[in-house]
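Structure below is run39.txt: compact mmCIF, C-alpha atoms and all ligand atoms.
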```txt
# COMPACT_ATOMS: atom_id res chain seq x y z
CA MET A 224 0.00 0.00 0.00
CA THR A 225 1.59 3.26 -1.06
CA ARG A 226 0.81 6.61 0.42
CA ALA A 227 0.90 9.59 -1.82
CA ARG A 228 0.80 12.10 1.01
CA PRO A 229 2.90 12.20 4.13
CA MET A 230 1.17 11.19 7.34
CA PRO A 231 0.15 14.34 9.18
CA GLU A 232 0.43 14.67 12.91
CA LEU A 233 -2.72 13.23 14.39
CA ASP A 234 -3.80 14.33 17.78
CA ASP A 235 -6.14 11.63 18.98
CA GLN A 236 -7.08 8.00 18.68
CA ASP A 237 -9.99 8.70 16.34
CA ALA A 238 -7.70 10.39 13.92
CA ARG A 239 -5.20 7.53 14.04
CA ASP A 240 -8.01 5.04 13.44
CA LEU A 241 -9.29 7.02 10.49
CA ALA A 242 -5.79 7.27 9.09
CA ARG A 243 -5.33 3.52 9.32
CA ILE A 244 -8.64 2.94 7.54
CA TYR A 245 -7.68 5.47 4.90
CA VAL A 246 -4.39 3.73 4.25
CA ILE A 247 -5.66 0.14 4.08
CA THR A 248 -8.56 1.00 1.82
CA GLY A 249 -6.51 3.35 -0.32
CA GLY A 250 -8.88 6.15 0.63
CA ARG A 251 -11.84 4.46 -1.05
CA VAL A 252 -14.16 4.83 1.90
CA GLY A 253 -17.02 7.25 2.07
CA PRO A 254 -19.94 8.36 -0.01
CA SER A 255 -18.17 7.95 -3.35
CA GLY A 256 -16.80 4.54 -2.49
CA ARG A 257 -20.05 2.70 -1.74
CA THR A 258 -20.07 -0.95 -2.62
CA THR A 259 -22.93 -3.37 -3.07
CA ILE A 260 -21.84 -5.35 -0.02
CA ASP A 261 -24.67 -5.63 2.50
CA LEU A 262 -24.29 -6.18 6.25
CA VAL A 263 -25.30 -9.81 5.74
CA THR A 264 -23.66 -10.51 2.40
CA LEU A 265 -22.03 -13.89 3.01
CA VAL A 266 -18.39 -14.20 2.04
CA GLY A 267 -16.61 -17.49 1.35
CA ALA A 268 -12.90 -17.89 0.61
CA MET A 269 -11.88 -19.33 -2.75
CA ALA A 270 -8.20 -19.41 -1.77
CA ALA A 271 -6.47 -20.18 1.48
CA GLU A 272 -3.91 -17.39 1.37
CA SER A 273 -2.78 -14.63 -0.85
CA ALA A 274 0.76 -13.43 -0.45
CA GLY A 275 1.41 -9.80 -1.23
CA ARG A 276 -1.96 -8.54 -0.12
CA ALA A 277 -2.58 -6.33 2.90
CA PRO A 278 -2.79 -8.13 6.25
CA GLU A 279 -6.50 -7.22 6.39
CA HIS A 280 -7.13 -8.96 3.06
CA ARG A 281 -5.30 -12.05 4.26
CA ALA A 282 -7.20 -11.97 7.54
CA ILE A 283 -10.50 -11.97 5.62
CA LEU A 284 -9.40 -14.98 3.58
CA ARG A 285 -8.47 -16.87 6.72
CA MET A 286 -11.68 -15.99 8.54
CA CYS A 287 -14.06 -16.90 5.78
CA ARG A 288 -12.87 -20.41 5.08
CA THR A 289 -16.14 -21.00 6.87
CA PRO A 290 -18.40 -18.41 5.24
CA LEU A 291 -19.10 -15.33 7.35
CA SER A 292 -21.21 -12.22 6.87
CA ALA A 293 -19.61 -8.90 6.02
CA ALA A 294 -20.81 -7.59 9.41
CA GLU A 295 -18.95 -10.39 11.22
CA LEU A 296 -15.80 -9.69 9.24
CA SER A 297 -16.08 -6.02 10.14
CA ALA A 298 -16.47 -6.87 13.83
CA HIS A 299 -13.51 -9.27 13.88
CA LEU A 300 -11.29 -6.85 11.94
CA ARG A 301 -12.44 -3.96 14.15
CA LEU A 302 -12.93 -1.88 11.06
CA PRO A 303 -15.93 0.26 10.12
CA PHE A 304 -18.39 -1.58 7.96
CA SER A 305 -17.79 0.55 4.88
CA ALA A 306 -14.03 -0.03 5.05
CA THR A 307 -14.57 -3.78 5.37
CA ALA A 308 -16.89 -3.70 2.38
CA VAL A 309 -14.15 -2.12 0.26
CA LEU A 310 -11.71 -4.87 1.24
CA ILE A 311 -14.25 -7.58 0.42
CA ASP A 312 -14.81 -5.94 -2.95
CA ASP A 313 -11.07 -6.09 -3.64
CA LEU A 314 -11.00 -9.82 -2.95
CA LEU A 315 -14.12 -10.33 -5.02
CA SER A 316 -12.58 -8.57 -8.02
CA ALA A 317 -9.48 -10.74 -7.65
CA GLY A 318 -11.59 -13.91 -7.60
CA LEU A 319 -10.31 -14.78 -4.14
CA VAL A 320 -13.75 -14.87 -2.51
CA ILE A 321 -17.29 -15.48 -3.61
CA THR A 322 -20.21 -13.63 -2.07
CA ARG A 323 -23.90 -14.22 -1.81
CA ALA A 324 -26.17 -11.22 -1.54
CA PRO A 325 -28.99 -11.46 1.02
CA ARG A 326 -32.68 -11.58 0.24
CA THR A 327 -33.82 -8.05 -0.31
CA GLN A 328 -37.42 -8.49 -1.43
CA VAL A 329 -39.88 -6.52 0.64
CA LEU A 330 -41.69 -9.71 1.60
CA PRO A 331 -39.96 -13.03 0.97
CA ASP A 332 -41.92 -15.97 -0.36
CA PRO A 333 -44.03 -18.02 2.09
CA GLU A 334 -41.82 -21.11 1.63
CA LEU A 335 -38.75 -19.31 2.94
CA LEU A 336 -40.71 -17.87 5.87
CA GLN A 337 -42.07 -21.35 6.65
CA GLU A 338 -38.52 -22.62 6.78
CA VAL A 339 -37.52 -19.78 9.12
CA LEU A 340 -40.52 -20.54 11.33
CA ARG A 341 -39.70 -24.25 11.53
CA GLY A 342 -36.09 -23.39 12.36
CA LEU A 343 -37.14 -21.03 15.17
CA GLN A 344 -39.57 -23.56 16.59
CA ARG A 345 -36.76 -26.12 16.79
CA LEU A 346 -34.45 -23.79 18.72
CA MET B 293 -30.15 -14.88 -6.18
CA GLY B 294 -26.73 -15.43 -7.45
CA PHE B 295 -23.23 -16.09 -6.55
CA ASN B 296 -21.70 -12.95 -7.86
CA GLY B 297 -18.17 -14.22 -7.60
CA SER B 298 -15.82 -14.32 -10.55
CA GLU B 299 -14.11 -17.26 -12.24
CA PRO B 300 -11.55 -18.82 -9.95
CA SER B 301 -8.25 -17.82 -11.51
CA ALA B 302 -5.99 -18.83 -8.61
CA PRO B 303 -4.35 -22.23 -9.07
CA ALA B 304 -5.23 -23.38 -5.54
CA PRO B 305 -8.14 -25.82 -5.96
CA THR B 306 -10.12 -24.64 -2.94
CA PRO B 307 -13.62 -26.12 -3.00
CA VAL B 308 -16.33 -23.58 -3.69
CA PRO B 309 -17.90 -22.82 -0.30
CA ALA B 310 -21.61 -23.38 0.09
CA LEU B 311 -23.21 -20.09 1.03
CA ALA B 312 -26.47 -20.11 2.96
CA THR B 313 -29.34 -17.69 2.56
CA ALA B 314 -28.74 -14.80 4.94
CA LEU B 315 -31.63 -12.87 6.44
CA LYS B 316 -31.64 -9.96 8.84
CA ILE B 317 -34.04 -8.67 11.43
CA ALA B 318 -33.75 -5.18 12.88
CA VAL B 319 -34.28 -4.71 16.62
CA VAL B 320 -35.00 -1.04 17.20
CA GLY B 321 -35.75 1.01 20.26
CA PRO B 322 -34.37 3.67 22.59
CA LEU B 323 -31.23 3.34 24.68
CA GLY B 324 -31.54 0.88 27.56
CA VAL B 325 -34.73 -0.77 26.34
CA GLY B 326 -33.11 -4.20 26.04
CA LYS B 327 -31.90 -4.56 22.43
CA THR B 328 -28.50 -5.98 23.30
CA THR B 329 -30.09 -8.19 25.95
CA LEU B 330 -32.49 -9.66 23.38
CA VAL B 331 -29.70 -10.27 20.85
CA THR B 332 -27.56 -11.91 23.56
CA SER B 333 -30.42 -14.14 24.68
CA VAL B 334 -30.95 -15.78 21.30
CA SER B 335 -27.63 -15.50 19.49
CA GLU B 336 -25.46 -18.60 18.99
CA ILE B 337 -22.33 -16.40 19.06
CA SER B 338 -21.37 -13.79 21.64
CA PRO B 339 -22.83 -10.62 20.23
CA LEU B 340 -20.48 -8.71 17.96
CA THR B 341 -20.31 -5.04 17.20
CA THR B 342 -20.00 -3.43 13.82
CA GLU B 343 -19.38 0.26 13.53
CA GLU B 344 -19.91 2.89 10.97
CA THR B 345 -18.11 6.17 10.91
CA MET B 346 -20.37 8.98 9.90
CA THR B 347 -19.02 12.24 8.68
CA ARG B 348 -20.93 15.45 8.82
CA GLU B 349 -22.67 16.50 5.63
CA GLY B 350 -20.13 17.51 3.04
CA ALA B 351 -17.17 16.30 5.06
CA ARG B 352 -15.10 13.55 3.50
CA ILE B 353 -13.46 10.73 5.37
CA ASP B 354 -10.00 11.39 3.96
CA VAL B 355 -8.93 13.14 7.09
CA LEU B 356 -5.28 13.06 6.26
CA GLY B 357 -4.34 16.64 5.81
CA HIS B 358 -7.13 17.86 8.06
CA ARG B 359 -6.18 18.44 11.67
CA SER B 360 -9.68 18.36 13.03
CA THR B 361 -11.74 15.18 13.01
CA LYS B 362 -14.53 16.50 15.16
CA THR B 363 -16.94 16.14 12.26
CA THR B 364 -16.94 12.35 12.63
CA THR B 365 -19.21 10.22 14.79
CA THR B 366 -19.04 6.48 15.26
CA VAL B 367 -22.28 4.55 15.50
CA ALA B 368 -22.17 0.97 16.72
CA MET B 369 -24.64 -1.83 16.20
CA ASP B 370 -24.66 -5.04 18.21
CA PHE B 371 -25.62 -8.13 16.33
CA GLY B 372 -25.99 -11.84 16.76
CA ARG B 373 -26.52 -14.90 14.59
CA ILE B 374 -28.94 -17.82 14.59
CA SER B 375 -28.34 -20.69 12.16
CA LEU B 376 -31.60 -22.28 11.09
CA GLY B 377 -30.60 -25.62 9.66
CA GLU B 378 -27.94 -25.86 6.97
CA SER B 379 -29.25 -23.29 4.57
CA ILE B 380 -30.53 -20.24 6.46
CA VAL B 381 -28.64 -17.84 8.71
CA LEU B 382 -30.63 -15.22 10.55
CA TYR B 383 -28.83 -12.12 11.81
CA LEU B 384 -30.32 -9.82 14.43
CA PHE B 385 -29.13 -6.23 14.54
CA GLY B 386 -29.85 -3.99 17.49
CA THR B 387 -29.91 -0.36 16.54
CA PRO B 388 -30.89 2.83 18.32
CA GLY B 389 -34.00 4.55 17.04
CA GLN B 390 -32.96 8.13 17.72
CA GLU B 391 -33.28 10.54 14.86
CA ARG B 392 -29.60 11.22 14.42
CA PHE B 393 -28.98 7.53 13.74
CA TRP B 394 -31.78 7.05 11.23
CA PHE B 395 -29.41 7.38 8.35
CA LEU B 396 -27.70 4.24 9.56
CA TRP B 397 -30.71 2.13 10.32
CA ASP B 398 -32.56 3.04 7.15
CA GLY B 399 -29.92 1.01 5.37
CA LEU B 400 -30.49 -1.77 7.87
CA VAL B 401 -34.26 -1.83 7.58
CA ASP B 402 -34.01 -1.89 3.77
CA GLY B 403 -33.83 -5.52 2.91
CA ALA B 404 -34.54 -6.73 6.43
CA LEU B 405 -37.19 -9.42 6.86
CA GLY B 406 -38.86 -7.18 9.39
CA ALA B 407 -38.33 -5.26 12.58
CA VAL B 408 -38.99 -5.81 16.26
CA VAL B 409 -39.72 -2.49 17.98
CA LEU B 410 -38.83 -2.72 21.65
CA VAL B 411 -40.70 -0.49 24.08
CA ASP B 412 -40.39 0.25 27.77
CA VAL B 413 -43.90 0.90 29.10
CA ARG B 414 -42.58 3.68 31.35
CA ARG B 415 -41.43 5.72 28.36
CA LEU B 416 -43.60 4.72 25.43
CA GLU B 417 -43.25 8.16 23.88
CA GLU B 418 -39.61 7.42 23.09
CA SER B 419 -40.81 4.88 20.53
CA PHE B 420 -43.38 7.06 18.77
CA ASP B 421 -41.12 8.41 16.07
CA VAL B 422 -39.61 5.01 15.30
CA LEU B 423 -43.08 3.53 14.86
CA GLU B 424 -44.22 6.40 12.71
CA ARG B 425 -41.20 6.07 10.51
CA LEU B 426 -41.59 2.32 10.02
CA GLU B 427 -45.27 2.80 9.20
CA ARG B 428 -44.50 5.49 6.68
CA ARG B 429 -41.90 3.28 4.99
CA GLY B 430 -44.36 0.38 4.88
CA SER B 431 -41.89 -1.83 6.80
CA ALA B 432 -43.32 -4.87 8.56
CA PHE B 433 -42.82 -4.75 12.31
CA ILE B 434 -44.14 -6.08 15.59
CA VAL B 435 -43.98 -4.42 19.01
CA ALA B 436 -42.49 -6.15 22.05
CA ALA B 437 -42.71 -4.54 25.49
CA ASN B 438 -39.73 -5.50 27.63
CA GLY B 439 -41.02 -6.14 31.13
CA PHE B 440 -38.73 -4.60 33.70
CA PRO B 441 -39.57 -5.89 37.20
CA GLU B 442 -40.21 -2.43 38.61
CA ALA B 443 -42.51 -1.46 35.73
CA PRO B 444 -46.25 -2.15 35.48
CA VAL B 445 -47.50 -4.77 33.01
CA TYR B 446 -50.27 -3.60 30.70
CA PRO B 447 -52.57 -5.75 28.58
CA VAL B 448 -51.41 -5.73 24.97
CA GLU B 449 -54.64 -4.06 23.82
CA THR B 450 -53.91 -1.15 26.16
CA LEU B 451 -50.42 -0.87 24.69
CA ARG B 452 -51.83 -1.03 21.15
CA GLN B 453 -54.13 1.90 21.94
CA ALA B 454 -51.45 3.91 23.68
CA LEU B 455 -49.12 3.40 20.71
CA ASP B 456 -51.91 3.96 18.19
CA LEU B 457 -51.05 0.77 16.32
CA PRO B 458 -53.11 -0.73 13.50
CA ASP B 459 -55.14 -3.82 14.47
CA GLY B 460 -53.01 -6.33 12.59
CA VAL B 461 -49.67 -5.48 14.17
CA PRO B 462 -48.75 -8.07 16.84
CA VAL B 463 -47.98 -6.68 20.31
CA LEU B 464 -46.35 -8.84 23.00
CA ASN B 465 -45.13 -8.56 26.56
CA PHE B 466 -41.81 -10.33 27.07
CA ASP B 467 -38.61 -10.46 29.11
CA ALA B 468 -35.51 -9.76 27.04
CA ARG B 469 -33.37 -11.86 29.40
CA SER B 470 -35.38 -14.99 28.67
CA ARG B 471 -34.28 -16.99 25.67
CA ALA B 472 -37.71 -18.64 25.42
CA ASP B 473 -39.41 -15.23 25.43
CA CYS B 474 -37.09 -13.86 22.74
CA ARG B 475 -37.72 -16.93 20.62
CA ARG B 476 -41.46 -16.30 21.05
CA VAL B 477 -40.98 -12.73 19.81
CA LEU B 478 -39.11 -13.92 16.71
CA ILE B 479 -41.76 -16.55 16.02
CA ALA B 480 -44.49 -13.90 16.32
CA LEU B 481 -42.68 -11.70 13.79
CA THR B 482 -42.22 -14.59 11.37
CA GLU B 483 -45.86 -15.69 11.66
CA TYR B 484 -46.95 -12.14 11.00
CA LEU B 485 -44.68 -11.91 7.93
CA LEU B 486 -45.99 -15.24 6.74
CA ALA B 487 -49.57 -14.02 7.02
CA LEU B 488 -48.65 -10.85 5.10
CA SER B 489 -46.84 -12.82 2.39
CA ARG B 490 -49.92 -14.96 1.80
CA LEU B 491 -52.15 -11.98 1.09
CA PRO B 492 -52.58 -11.42 -2.62
CA ARG B 493 -50.54 -8.44 -3.80
CA ALA B 494 -53.57 -6.15 -4.20
CA ASP B 495 -54.80 -7.03 -0.72
CA GLN B 496 -51.39 -6.26 0.73
CA ASP B 497 -51.71 -2.78 -0.76
CA ASP B 498 -55.35 -2.50 0.34
CA GLN B 499 -54.44 -3.45 3.83
CA ALA B 500 -51.63 -0.94 3.93
CA ALA B 501 -54.09 1.67 2.70
CA ARG B 502 -56.70 0.68 5.30
CA GLU B 503 -54.18 0.77 8.08
CA GLN B 504 -52.98 4.14 6.94
CA VAL B 505 -56.53 5.51 7.00
CA ARG B 506 -57.12 3.97 10.39
CA SER B 507 -53.96 5.35 11.90
CA SER B 508 -54.48 8.81 10.45
CA GLN B 509 -57.96 8.87 11.97
CA GLY B 510 -56.29 7.98 15.26
N1 LIG A 601 -34.76 -6.20 34.92
C1 LIG A 601 -34.55 -6.25 33.62
N2 LIG A 601 -33.46 -5.63 33.15
C2 LIG A 601 -33.23 -5.67 31.83
C3 LIG A 601 -34.09 -6.34 30.94
N3 LIG A 601 -33.62 -6.18 29.70
C4 LIG A 601 -32.51 -5.46 29.80
N4 LIG A 601 -32.26 -5.15 31.09
C5 LIG A 601 -31.16 -4.34 31.60
O1 LIG A 601 -31.34 -3.04 31.09
C6 LIG A 601 -30.09 -2.48 30.71
C7 LIG A 601 -30.12 -2.05 29.27
O2 LIG A 601 -30.31 -3.17 28.43
P1 LIG A 601 -29.61 -3.27 27.00
O3 LIG A 601 -29.96 -4.58 26.42
O4 LIG A 601 -28.16 -2.96 27.09
O5 LIG A 601 -30.34 -2.10 26.25
P2 LIG A 601 -30.04 -1.49 24.80
O6 LIG A 601 -29.45 -0.15 25.04
O7 LIG A 601 -31.39 -1.39 24.17
O8 LIG A 601 -29.14 -2.42 24.06
C8 LIG A 601 -29.05 -3.54 30.98
O9 LIG A 601 -28.44 -3.24 32.21
C9 LIG A 601 -29.85 -4.82 31.08
O10 LIG A 601 -29.26 -5.75 31.96
C10 LIG A 601 -35.23 -6.99 31.49
O11 LIG A 601 -36.02 -7.61 30.78
N5 LIG A 601 -35.41 -6.92 32.82
MG MG A 602 -27.23 -1.97 23.27
```

As structure tokens - that is how I would like this structure written.
Ligand SMILES: Nc1nc2c(ncn2[C@@H]2O[C@H](COP(=O)(O)OP(=O)(O)O)[C@@H](O)[C@H]2O)c(=O)[nH]1
Ligand SMILES: [Mg+2]
Amino acid sequence: MTRARPMPELDDQDARDLARIYVITGGRVGPSGRTTIDLVTLVGAMAAESAGRAPEHRAILRMCRTPLSAAELSAHLRLPFSATAVLIDDLLSAGLVITRAPRTQVLPDPELLQEVLRGLQRL
Amino acid sequence: MGFNGSEPSAPAPTPVPALATALKIAVVGPLGVGKTTLVTSVSEISPLTTEETMTREGARIDVLGHRSTKTTTTVAMDFGRISLGESIVLYLFGTPGQERFWFLWDGLVDGALGAVVLVDVRRLEESFDVLERLERRGSAFIVAANGFPEAPVYPVETLRQALDLPDGVPVLNFDARSRADCRRVLIALTEYLLALSRLPRADQDDQAAREQVRSSQG
């Protein structure tokens, strides 16, 4: 990851956190950098490791050998959701992960809801 | 519903992971009403926290070069997971209903199965704007009153009147610390969604229209 600008003096933890996020996402966080990754987009690794990528990318690959949601990845990485989404997008573009978007219909079909109901009743 | 992955180009022959259907439910309500308690009671994992960093209108997140970061606010959401068999994973997100966080939970409620609105009977008015907003968006929700020991318990019909809820919306009394109670709340939401999904499309709209009329007549 290369930085075009020198790191300014940062006077508190928030600023250091934001700087770290800025660096690992290459500044692609924020309103212009929105991805299609949802909180519960499931992410599964297609490769075990990927040398040369940022530690955060490699951490995602390790964590989602068993598929995890983008929200879980964000929590484990301790990164804001939007920053995590950018990293997932990188891996997706490189073919290193696959994702499955969640159901987004206003009302899902009765069969799916029946399945949810049966699952909850078995809990 | 697709796998929007790309062709595997890496030589490592990792098997393609099977990805379940993920669903989310929003748990909304004022601070201290029991959202995190509910999520903790039913989640199969210790609740996790995801954060979003909001910047004030017009401010960009590329703070490098700016000395002041006072325009940023971090909003956290607790969430938990319930696996329902092999193929469905249900995520529950607890999110505050205050106005300044709406921007965040609008994104959450979009695409959620439905919402559970938690109320504390001693401060019902703190849930009015959340309810109004969900109604206006046409989001499906139920209302669950978390019973704190020192608070009175009201019949659900009394709560429905006090909250000015349409007839069809389920209202329950429950204890957020009880796993069985939380499960009952989730079942009530799912049964309600199931009933809505079985209405023919036109009736769904009719019903929404009727409820709107009813609630505007108060
Ligand atoms: N007595 C009692 N206390 C509760 C109940 N639910 C939550 N609490 C307590 O109320 C406080 C706030 O609950 P919490 O789940 O953190 O609220 P949140 O802000 O909506 O996430 C915590 O100290 C809980 O232990 C309940 O059903 N009964
Ligand atoms: Mg909480």

Please give the centre and size of the box around ligand LIG 601 (chain A) (axis-aligned, containing every atom listed in the file, 4 Å added per side), with values in Å to one decimal and written as JSON.
```
{"center_x": -32.1, "center_y": -3.9, "center_z": 29.5, "size_x": 15.9, "size_y": 15.5, "size_z": 18.9}
```

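Listed by chain and then residue number, the contacts of ligand LIG 601 (chain A) are B:Val320, B:Gly321, B:Pro322, B:Leu323, B:Gly324, B:Val325, B:Gly326, B:Lys327, B:Thr328, B:Thr329, B:Leu330, B:Val331, B:Asp370, B:Gly386, B:Thr387, B:Pro388, B:Leu410, B:Asn438, B:Gly439, B:Phe440, B:Pro441, B:Glu442, B:Phe466, B:Asp467, B:Ala468, B:Arg469, B:Ser470 (distance at most 8 Å, using all atoms listed in the file).
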
Identify every residue of chain A that has at least one atom within 6 Å of any atom of chain B, counting all atoms listed in the file, and report the result as a ChimeraX atom specification.
/A:253,267,269-270,297-298,303-304,318,321-323,325,327,333,336,342

Go ahead and compute the interatomic distance for CA of Leu464 in chain B and CA of Trp397 in chain B, in Å to one decimal.
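Computing it gives 22.9 Å between the two atoms.
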
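With CA of Ile317 in chain B on one side and CA of Leu384 in chain B on the other, the separation reads 4.9 Å.
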
Expressed in Å to a single decimal, how great is the separation between CA of Leu296 in chain A and CA of Ile283 in chain A?
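Interatomic distance here is 6.8 Å.
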
Find the residue from B:Ala454, B:Val445, B:Ser338, B:Thr332 that sits nearest to ligand MG 602 (chain A); use all atoms listed in the file when measuring.
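Closest residue, counting all atoms listed in the file: B:Thr332.
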
Ranking B:Thr450, B:Ser335, B:Gln390, B:Val401 by minimum distance to Phe420 in chain B and counting only C-alpha atoms, which one comes first?
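Using only C-alpha atoms, the shortest distance to Phe420 in chain B belongs to B:Gln390.
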
Env of Leu262 in chain A: 7 Å cut, atoms = only C-alpha atoms, seq-sep filter 5 positions within chain, self excluded. Answer as a CSV table (one decimal) with C-alpha atoms, in the coordinates of the input.
```
chain,number,residue,atom,x,y,z
A,292,SER,CA,-21.2,-12.2,6.9
A,293,ALA,CA,-19.6,-8.9,6.0
A,294,ALA,CA,-20.8,-7.6,9.4
```

Identify the residues around (-16.4, -18.4, 6.8) within a radius of 9 Å, measuring from all atoms listed in the file in the coordinates stated by the file, and give them as a ChimeraX atom specification.
/A:265-268,283-292 /B:309

Using only C-alpha atoms - which residues lie no farther than 7 Å from the point (-47.6, -6.1, 18.6) in the file's frame? Write them as a ChimeraX atom specification.
/B:434-436,461-464

Got time to write the residues from that selection, C-alpha atoms, as a PDB file, keeping the file's coordinate frame?
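Contents of part.pdb, as written:
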```pdb
ATOM      1  CA  ILE B 434     -44.140  -6.080  15.590  1.00  0.00           C
ATOM      2  CA  VAL B 435     -43.980  -4.420  19.010  1.00  0.00           C
ATOM      3  CA  ALA B 436     -42.490  -6.150  22.050  1.00  0.00           C
ATOM      4  CA  VAL B 461     -49.670  -5.480  14.170  1.00  0.00           C
ATOM      5  CA  PRO B 462     -48.750  -8.070  16.840  1.00  0.00           C
ATOM      6  CA  VAL B 463     -47.980  -6.680  20.310  1.00  0.00           C
ATOM      7  CA  LEU B 464     -46.350  -8.840  23.000  1.00  0.00           C
TER       8      LEU B 464
END
```
